[in-house]
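Coordinates as given in final-v6.cif (mmCIF, C-alpha atoms):
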data_final
loop_
_atom_site.label_atom_id
_atom_site.label_comp_id
_atom_site.auth_asym_id
_atom_site.auth_seq_id
_atom_site.Cartn_x
_atom_site.Cartn_y
_atom_site.Cartn_z
CA MET P 1 125.82 42.89 90.82
CA GLU P 2 126.72 46.06 92.72
CA PHE P 3 127.87 46.32 96.33
CA LEU P 4 128.00 49.56 98.28
CA ILE P 5 130.09 49.46 101.45
CA ILE P 6 128.95 51.99 104.06
CA SER P 7 131.59 52.69 106.66
CA GLY P 8 132.66 55.63 108.78
CA MET P 9 132.66 57.13 112.21
CA SER P 10 130.28 55.83 114.86
CA GLY P 11 127.45 58.33 115.19
CA ALA P 12 128.07 59.90 111.77
CA GLY P 13 124.89 58.53 110.19
CA LYS P 14 125.64 55.11 108.70
CA SER P 15 122.27 53.72 109.75
CA ARG P 16 120.48 56.80 108.44
CA ALA P 17 122.24 56.43 105.09
CA ALA P 18 121.23 52.76 104.95
CA ASP P 19 117.59 53.70 105.59
CA ILE P 20 117.68 56.15 102.69
CA LEU P 21 119.34 53.61 100.42
CA GLU P 22 116.58 51.10 101.18
CA ASP P 23 114.19 53.65 99.67
CA LEU P 24 116.37 53.46 96.56
CA ASP P 25 115.84 49.68 96.37
CA TYR P 26 119.15 48.69 97.94
CA TYR P 27 119.13 45.53 100.05
CA CYS P 28 120.91 46.64 103.24
CA VAL P 29 122.75 44.44 105.74
CA ASP P 30 124.28 45.79 108.94
CA ASN P 31 127.57 44.40 110.28
CA LEU P 32 127.87 41.30 108.11
CA PRO P 33 131.11 39.49 109.13
CA VAL P 34 133.81 40.02 106.52
CA ALA P 35 134.40 36.30 106.17
CA LEU P 36 130.79 35.83 105.04
CA ILE P 37 130.83 38.46 102.28
CA PRO P 38 131.93 36.11 99.44
CA ARG P 39 129.37 33.49 100.40
CA PHE P 40 126.71 36.18 100.77
CA ALA P 41 127.59 37.47 97.29
CA GLU P 42 127.24 33.97 95.86
CA LEU P 43 123.79 33.58 97.41
CA CYS P 44 122.67 36.95 96.08
CA MET P 45 123.90 36.15 92.58
CA ALA P 46 122.07 32.82 92.67
CA THR P 47 118.71 34.56 93.17
CA GLN P 48 118.52 35.55 89.49
CA ASP P 49 118.79 39.33 89.78
CA ARG P 50 116.60 39.60 92.89
CA TYR P 51 119.39 41.47 94.68
CA GLU P 52 120.98 43.72 92.08
CA ARG P 53 122.15 46.41 94.54
CA VAL P 54 123.33 45.56 98.05
CA ALA P 55 124.60 47.90 100.76
CA LEU P 56 126.74 46.52 103.58
CA VAL P 57 127.28 48.59 106.74
CA MET P 58 130.81 48.01 108.08
CA ASP P 59 132.21 49.93 111.05
CA ILE P 60 134.65 49.82 113.94
CA ARG P 61 133.14 46.52 115.04
CA GLU P 62 135.32 45.05 112.27
CA ARG P 63 138.40 46.60 113.92
CA ASP P 64 140.42 43.40 113.46
CA GLY P 65 139.29 42.78 109.90
CA PHE P 66 140.03 45.83 107.77
CA ASP P 67 142.92 44.18 105.93
CA GLU P 68 140.71 41.16 105.38
CA LEU P 69 137.91 43.50 104.29
CA PHE P 70 140.04 45.08 101.56
CA HIS P 71 141.20 41.67 100.34
CA THR P 72 137.63 40.34 100.32
CA LEU P 73 136.27 43.36 98.48
CA ASP P 74 138.96 43.07 95.83
CA SER P 75 138.05 39.41 95.39
CA LEU P 76 134.47 40.39 94.56
CA LYS P 77 135.66 41.65 91.19
CA SER P 78 136.72 38.15 90.21
CA MET P 79 133.16 37.03 90.96
CA GLY P 80 131.76 39.57 88.50
CA CYS P 81 130.67 42.04 91.18
CA THR P 82 131.47 45.71 91.47
CA TYR P 83 131.71 47.72 94.66
CA ARG P 84 131.95 51.28 95.86
CA MET P 85 132.64 52.68 99.31
CA LEU P 86 130.76 55.43 101.15
CA PHE P 87 132.43 56.91 104.24
CA MET P 88 130.22 58.75 106.73
CA ASP P 89 132.11 61.41 108.67
CA ALA P 90 131.45 64.20 111.16
CA ASP P 91 133.56 66.52 113.26
CA ILE P 92 134.44 65.68 116.86
CA PRO P 93 132.13 68.25 118.58
CA THR P 94 129.19 66.98 116.54
CA LEU P 95 129.91 63.35 117.39
CA ILE P 96 130.33 64.12 121.09
CA LYS P 97 127.02 66.02 121.08
CA ARG P 98 125.24 63.11 119.41
CA TYR P 99 126.58 60.63 121.95
CA LYS P 100 125.48 62.88 124.80
CA GLU P 101 121.99 63.15 123.33
CA SER P 102 121.68 59.40 122.69
CA ARG P 103 123.18 58.50 126.10
CA ARG P 104 124.91 55.55 124.48
CA PRO P 105 128.61 54.84 124.98
CA HIS P 106 131.05 54.99 122.09
CA PRO P 107 132.15 51.43 121.19
CA LEU P 108 135.77 52.31 122.00
CA ALA P 109 134.99 54.20 125.24
CA VAL P 110 136.16 51.42 127.55
CA ASN P 111 138.47 51.22 130.56
CA GLY P 112 137.85 54.85 131.48
CA ARG P 113 138.58 56.26 128.03
CA SER P 114 136.68 59.49 127.35
CA THR P 115 134.30 59.84 124.41
CA GLU P 116 136.60 62.35 122.73
CA ASP P 117 139.61 60.04 123.03
CA ALA P 118 137.53 57.15 121.73
CA ILE P 119 136.47 59.19 118.69
CA ARG P 120 140.07 60.20 117.96
CA GLU P 121 141.17 56.58 118.21
CA GLU P 122 138.39 55.47 115.93
CA PHE P 123 139.39 58.08 113.35
CA ARG P 124 142.96 56.79 113.45
CA MET P 125 141.80 53.20 112.97
CA LEU P 126 139.47 54.11 110.12
CA THR P 127 141.99 56.25 108.21
CA PRO P 128 142.81 53.43 105.72
CA VAL P 129 139.10 52.92 105.07
CA ARG P 130 138.53 56.63 104.55
CA ALA P 131 141.43 56.78 102.13
CA ARG P 132 139.85 54.09 99.93
CA ALA P 133 136.35 55.57 99.98
CA ASP P 134 134.77 56.60 96.69
CA TYR P 135 132.46 59.05 98.46
CA ILE P 136 132.69 60.92 101.76
CA ILE P 137 129.67 62.61 103.36
CA ASN P 138 130.30 64.84 106.35
CA THR P 139 127.06 65.00 108.30
CA SER P 140 128.08 67.84 110.64
CA GLY P 141 125.21 70.32 110.52
CA LEU P 142 123.13 68.25 108.09
CA THR P 143 119.43 67.71 108.67
CA LEU P 144 117.88 64.40 107.67
CA GLY P 145 116.45 66.08 104.58
CA MET P 146 119.87 67.42 103.59
CA LEU P 147 121.44 63.97 104.10
CA GLN P 148 118.72 62.46 101.96
CA GLN P 149 119.51 64.95 99.20
CA ARG P 150 123.21 64.02 99.29
CA VAL P 151 122.53 60.28 99.17
CA PHE P 152 119.96 60.61 96.40
CA ALA P 153 122.34 62.77 94.38
CA LEU P 154 125.03 60.09 94.60
CA PHE P 155 123.09 56.84 94.31
CA ALA P 156 119.65 57.43 92.79
CA GLY P 157 119.26 55.85 89.40
CA GLU P 158 118.34 57.91 86.37
CA GLY P 159 114.76 59.11 86.66
CA LYS P 160 114.53 58.10 90.31
CA LYS P 161 113.08 60.77 92.53
CA ARG P 162 112.49 61.05 96.23
CA ASN P 163 108.98 60.08 97.14
CA ILE P 164 106.71 59.71 100.12
CA SER P 165 103.96 57.28 101.03
CA VAL P 166 100.70 58.68 102.37
CA THR P 167 98.15 56.95 104.59
CA VAL P 168 94.72 58.57 104.72
CA THR P 169 92.82 57.42 107.82
CA ALA P 170 89.11 58.17 108.22
CA PHE P 171 88.04 58.22 111.90
CA GLY P 172 85.27 59.26 114.27
CA TYR P 173 85.95 61.87 116.91
CA LYS P 174 83.78 59.94 119.37
CA TYR P 175 86.44 57.19 119.28
CA GLY P 176 89.46 59.49 119.55
CA ILE P 177 92.01 60.97 117.15
CA PRO P 178 94.51 58.44 115.67
CA MET P 179 97.74 58.59 117.65
CA ASP P 180 99.95 58.33 114.56
CA ALA P 181 98.33 61.24 112.70
CA ASP P 182 100.65 63.88 111.23
CA LEU P 183 97.81 66.05 109.92
CA VAL P 184 94.21 66.08 111.21
CA MET P 185 91.31 67.37 109.11
CA ASP P 186 87.94 67.99 110.79
CA VAL P 187 85.10 67.58 108.27
CA ARG P 188 82.16 67.79 110.69
CA PHE P 189 80.98 70.97 108.93
CA LEU P 190 80.07 69.06 105.75
CA PRO P 191 76.50 67.84 105.03
CA ASN P 192 75.80 64.88 107.31
CA PRO P 193 74.16 61.78 105.72
CA TYR P 194 73.34 60.46 109.19
CA TYR P 195 70.26 62.67 109.26
CA VAL P 196 68.94 61.27 105.98
CA ASP P 197 66.95 58.10 106.66
CA ALA P 198 67.86 56.49 103.33
CA LEU P 199 71.59 57.07 103.93
CA ARG P 200 71.99 56.52 107.68
CA GLU P 201 72.81 52.79 107.47
CA LYS P 202 75.15 53.26 104.53
CA ASN P 203 78.68 54.61 104.66
CA GLY P 204 81.12 56.85 102.81
CA THR P 205 82.12 54.13 100.36
CA ASP P 206 78.63 54.19 98.85
CA LYS P 207 78.19 56.49 95.87
CA ASP P 208 74.89 58.00 97.01
CA VAL P 209 76.49 58.94 100.35
CA GLN P 210 79.45 60.50 98.51
CA ASP P 211 77.09 62.41 96.23
CA TYR P 212 75.26 63.80 99.25
CA VAL P 213 78.46 64.81 101.08
CA PHE P 214 79.82 66.61 98.01
CA SER P 215 76.51 68.13 96.93
CA SER P 216 77.12 71.57 98.43
CA ASP P 217 79.32 74.39 97.14
CA VAL P 218 81.13 74.35 100.48
CA SER P 219 82.09 70.70 99.97
CA ALA P 220 83.46 71.36 96.48
CA GLU P 221 85.46 74.37 97.66
CA PHE P 222 86.79 72.45 100.66
CA MET P 223 88.05 69.55 98.53
CA GLU P 224 89.72 71.96 96.12
CA LYS P 225 91.52 73.70 98.99
CA LEU P 226 92.38 70.39 100.74
CA ASN P 227 93.86 68.91 97.57
CA GLY P 228 95.83 72.09 96.99
CA LEU P 229 97.13 72.13 100.56
CA ILE P 230 98.36 68.53 100.39
CA ASP P 231 99.91 69.12 96.97
CA PHE P 232 101.76 72.10 98.45
CA LEU P 233 102.93 70.25 101.58
CA LEU P 234 104.15 66.94 100.14
CA PRO P 235 107.26 68.32 98.37
CA LEU P 236 108.17 70.21 101.55
CA TYR P 237 107.89 67.07 103.67
CA ILE P 238 110.00 65.20 101.12
CA GLU P 239 112.69 67.89 101.28
CA GLU P 240 112.76 67.46 105.07
CA GLY P 241 113.45 63.76 104.65
CA LYS P 242 110.02 62.44 105.61
CA PHE P 243 109.31 59.02 104.12
CA SER P 244 105.68 58.63 105.19
CA LEU P 245 102.76 60.87 106.14
CA THR P 246 99.51 60.01 107.89
CA ILE P 247 96.55 62.28 107.20
CA ALA P 248 93.61 61.72 109.54
CA VAL P 249 90.17 62.86 108.38
CA GLY P 250 87.54 62.97 111.11
CA CYS P 251 83.79 63.31 111.43
CA THR P 252 81.53 62.47 114.36
CA GLY P 253 81.22 58.70 113.94
CA GLY P 254 83.78 57.91 111.24
CA ARG P 255 81.26 56.29 108.88
CA HIS P 256 80.04 58.89 106.39
CA ARG P 257 81.76 62.25 105.82
CA SER P 258 85.31 61.30 106.83
CA VAL P 259 85.20 58.14 104.74
CA ALA P 260 83.92 59.98 101.67
CA VAL P 261 86.53 62.73 101.97
CA GLY P 262 89.30 60.20 102.64
CA GLN P 263 88.43 58.26 99.51
CA ALA P 264 88.29 61.44 97.42
CA LEU P 265 91.67 62.60 98.74
CA CYS P 266 93.23 59.19 98.04
CA ALA P 267 91.90 59.25 94.48
CA HIS P 268 93.44 62.69 93.96
CA LEU P 269 96.84 61.60 95.33
CA LYS P 270 96.91 58.42 93.25
CA GLU P 271 96.20 60.46 90.12
CA ARG P 272 99.36 62.42 90.96
CA GLY P 273 101.40 59.23 91.33
CA VAL P 274 101.68 59.31 95.13
CA ARG P 275 101.85 55.96 96.94
CA THR P 276 98.64 56.06 98.96
CA VAL P 277 96.83 53.76 101.39
CA ASN P 278 93.25 54.33 102.51
CA PHE P 279 92.17 53.11 105.97
CA ASN P 280 88.69 53.50 107.46
CA ARG P 281 89.30 52.94 111.15
CA ASP P 282 85.80 53.22 112.59
CA LEU P 283 83.67 52.14 109.65
CA ASP P 284 82.25 49.06 111.41
CA LYS P 285 81.69 50.60 114.85
#
Take the structure I supplied and represent it as structure tokens, if you would.
Amino acid sequence: MEFLIISGMSGAGKSRAADILEDLDYYCVDNLPVALIPRFAELCMATQDRYERVALVMDIRERDGFDELFHTLDSLKSMGCTYRMLFMDADIPTLIKRYKESRRPHPLAVNGRSTEDAIREEFRMLTPVRARADYIINTSGLTLGMLQQRVFALFAGEGKKRNISVTVTAFGYKYGIPMDADLVMDVRFLPNPYYVDALREKNGTDKDVQDYVFSSDVSAEFMEKLNGLIDFLLPLYIEEGKFSLTIAVGCTGGRHRSVAVGQALCAHLKERGVRTVNFNRDLDK
């Protein structure tokens, strides 16, 4: 069983790193008391390989337990566990800027101590931890995508690649655009089954409705360009550190054209190995 200890400066990105590691199938726990680590390890080992890789976020909140932390981590080896340490760092101007933007106080900024003095004190206290770290990531100037690249490079297993999950939501404009949409596609220019008596009461999940929607040359060309656009965009979103994307496809009522296009787009994405969910918001309205 493998433990990864994530420590470092407050505001340097420990929580962000933990989020990325969860995407790599790590089980992440924030601020587990040091005294509970051996018992926690025993429980994990008793689950029969359910928790093979665990990341524990430890920070200045353990200010009185670093010696105990080192002793406890060393004792994990006798239990058959291995561990590595990741230290998240950033320069003082960057940390001060982040605290100003978040409007949250530094955990050591008490009794009138300035944020800068608190950061310097924290660095002093964490020096022994930094010295024992196997990896150090300085997040000064890093975007989320760049941080994701660093973490993946260090901890992704062989063959593991960064991925993204896509939700394709079919909707009707008469009921409003989905608030969580990242991309919105208007397909009201496609052939409308509503005006065909035999198709009006059906919906975009029915094959004869789909055949009608995609019967024109415009429909075929649109789907080719839409698939190409999404194929082009997904790697770029992944590089920027985006974990999920919501594509909203809209027609007038959300029953025919948007549903048919949404299903076709989902089928295309699944063929390419993309984790995809299809949601027809207004199908029953």
**Report entry** Residue among P:Arg150, P:Arg50, P:Arg120, P:Lys225 lying closest to Ile92 of chain P, counting all atoms listed in the file
**Finding:**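 The shortest atom-to-atom distance to Ile92 of chain P comes from P:Arg120.
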Query raised in the report: For Ile247 of chain P, which residue among P:Gly172, P:Gly262, P:Gly141, P:Gly8 is the nearest when counting all atoms listed in the file?
Result: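 Using all atoms listed in the file, Ile247 of chain P sits closest to P:Gly262.
With only C-alpha atoms as the atoms that count, the residue of P:Thr94, P:Ser215, P:Asn111, P:Thr276 with the shortest distance to Ser140 of chain P is P:Thr94.
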Query - Picked residues, the PyMOL selection byres ((chain P and resi 181) around 6), as a ChimeraX atom specification - result: /P:178-180,182-183,246-248
Name all residues at most 8 Å from segment 126-139 of chain P (count only C-alpha atoms; drop same-chain ones fewer than 4 positions away) and give them as a PDB file with C-alpha atoms, keeping the file's coordinate frame.
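Below is the file part23.pdb, written as the result:
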ATOM      1  CA  SER P   7     131.590  52.690 106.660  1.00  0.00           C
ATOM      2  CA  GLY P   8     132.660  55.630 108.780  1.00  0.00           C
ATOM      3  CA  MET P   9     132.660  57.130 112.210  1.00  0.00           C
ATOM      4  CA  ALA P  12     128.070  59.900 111.770  1.00  0.00           C
ATOM      5  CA  GLY P  13     124.890  58.530 110.190  1.00  0.00           C
ATOM      6  CA  ILE P  60     134.650  49.820 113.940  1.00  0.00           C
ATOM      7  CA  PHE P  66     140.030  45.830 107.770  1.00  0.00           C
ATOM      8  CA  ARG P  84     131.950  51.280  95.860  1.00  0.00           C
ATOM      9  CA  MET P  85     132.640  52.680  99.310  1.00  0.00           C
ATOM     10  CA  LEU P  86     130.760  55.430 101.150  1.00  0.00           C
ATOM     11  CA  PHE P  87     132.430  56.910 104.240  1.00  0.00           C
ATOM     12  CA  MET P  88     130.220  58.750 106.730  1.00  0.00           C
ATOM     13  CA  ASP P  89     132.110  61.410 108.670  1.00  0.00           C
ATOM     14  CA  ALA P  90     131.450  64.200 111.160  1.00  0.00           C
ATOM     15  CA  ASP P  91     133.560  66.520 113.260  1.00  0.00           C
ATOM     16  CA  GLU P 122     138.390  55.470 115.930  1.00  0.00           C
ATOM     17  CA  LEU P 147     121.440  63.970 104.100  1.00  0.00           C
ATOM     18  CA  ARG P 150     123.210  64.020  99.290  1.00  0.00           C
TER      19      ARG P 150
END
Query raised in the report: Between P:Arg257, P:Val249, P:Gln210, P:Ser165, which has the minimum distance to Leu190 of chain P (counting only C-alpha atoms)?
Result: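 The shortest atom-to-atom distance to Leu190 of chain P comes from P:Arg257.
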Query raised in the report: Just how far from atom CA of Met1 of chain P is atom CA of Leu32 of chain P, in Å to one decimal?
Result: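 Taking atom CA of Leu32 of chain P as the start and atom CA of Met1 of chain P as the end point, the length is 17.5 Å.
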I want to know what sits within 10 Å of Leu269 of chain P, based on all atoms listed in the file, with residues of the same chain fewer than 5 positions away left out; could you give that as a PDB file with C-alpha atoms, in the frame of the given file?
ATOM      1  CA  VAL P 166     100.700  58.680 102.370  1.00  0.00           C
ATOM      2  CA  ASN P 227      93.860  68.910  97.570  1.00  0.00           C
ATOM      3  CA  ILE P 230      98.360  68.530 100.390  1.00  0.00           C
ATOM      4  CA  ASP P 231      99.910  69.120  96.970  1.00  0.00           C
ATOM      5  CA  GLN P 263      88.430  58.260  99.510  1.00  0.00           C
ATOM      6  CA  ALA P 264      88.290  61.440  97.420  1.00  0.00           C
ATOM      7  CA  VAL P 274     101.680  59.310  95.130  1.00  0.00           C
ATOM      8  CA  ARG P 275     101.850  55.960  96.940  1.00  0.00           C
ATOM      9  CA  THR P 276      98.640  56.060  98.960  1.00  0.00           C
ATOM     10  CA  VAL P 277      96.830  53.760 101.390  1.00  0.00           C
TER      11      VAL P 277
END
Query raised in the report: Looking at P:Asp197, P:Glu22, P:Asp284, P:Glu2, which one is nearest to Asp49 of chain P, with distances taken over all atoms listed in the file?
Result: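 That would be P:Glu2, the residue with the smallest distance to Asp49 of chain P.
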Query - Spatial neighbours of Met79 of chain P, 9 Å, all atoms listed in the file, chain gap at least 4 places, as a PyMOL selection string - result: chain P and resi 38+41-42+75
Requested in this report: Go ahead and compute the interatomic distance for atom CA of Gly253 of chain P and atom CA of Lys285 of chain P, in Å to one decimal.
Outcome: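 Distance reported for this atom pair: 8.2 Å.
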**Report entry** Nearest candidate to Leu73 of chain P (options P:Gly11, P:Leu21, P:Glu52, P:Phe3; using only C-alpha atoms)
**Finding:**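 Of all the options, P:Phe3 lies closest to Leu73 of chain P.
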Query - Selection near segment 67-71 of chain P, 9 Å with all atoms listed in the file, sequence-local residues under 4 positions removed, as a list of chain:residue names - result: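 Answer for this query is P:Val34, P:Ala35, P:Ile37, P:Glu62, P:Ser75, P:Leu76, P:Val129.
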Report task. For Tyr175 of chain P, list every protein, DNA or RNA residue within 10 Å, evaluated using all atoms listed in the file, and leave out those in the same chain fewer than 4 positions away; present the list as a count of residues only. Result -> 7
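Straight-line separation from atom CA of Glu221 of chain P to atom CA of Lys202 of chain P: 24.5 Å.
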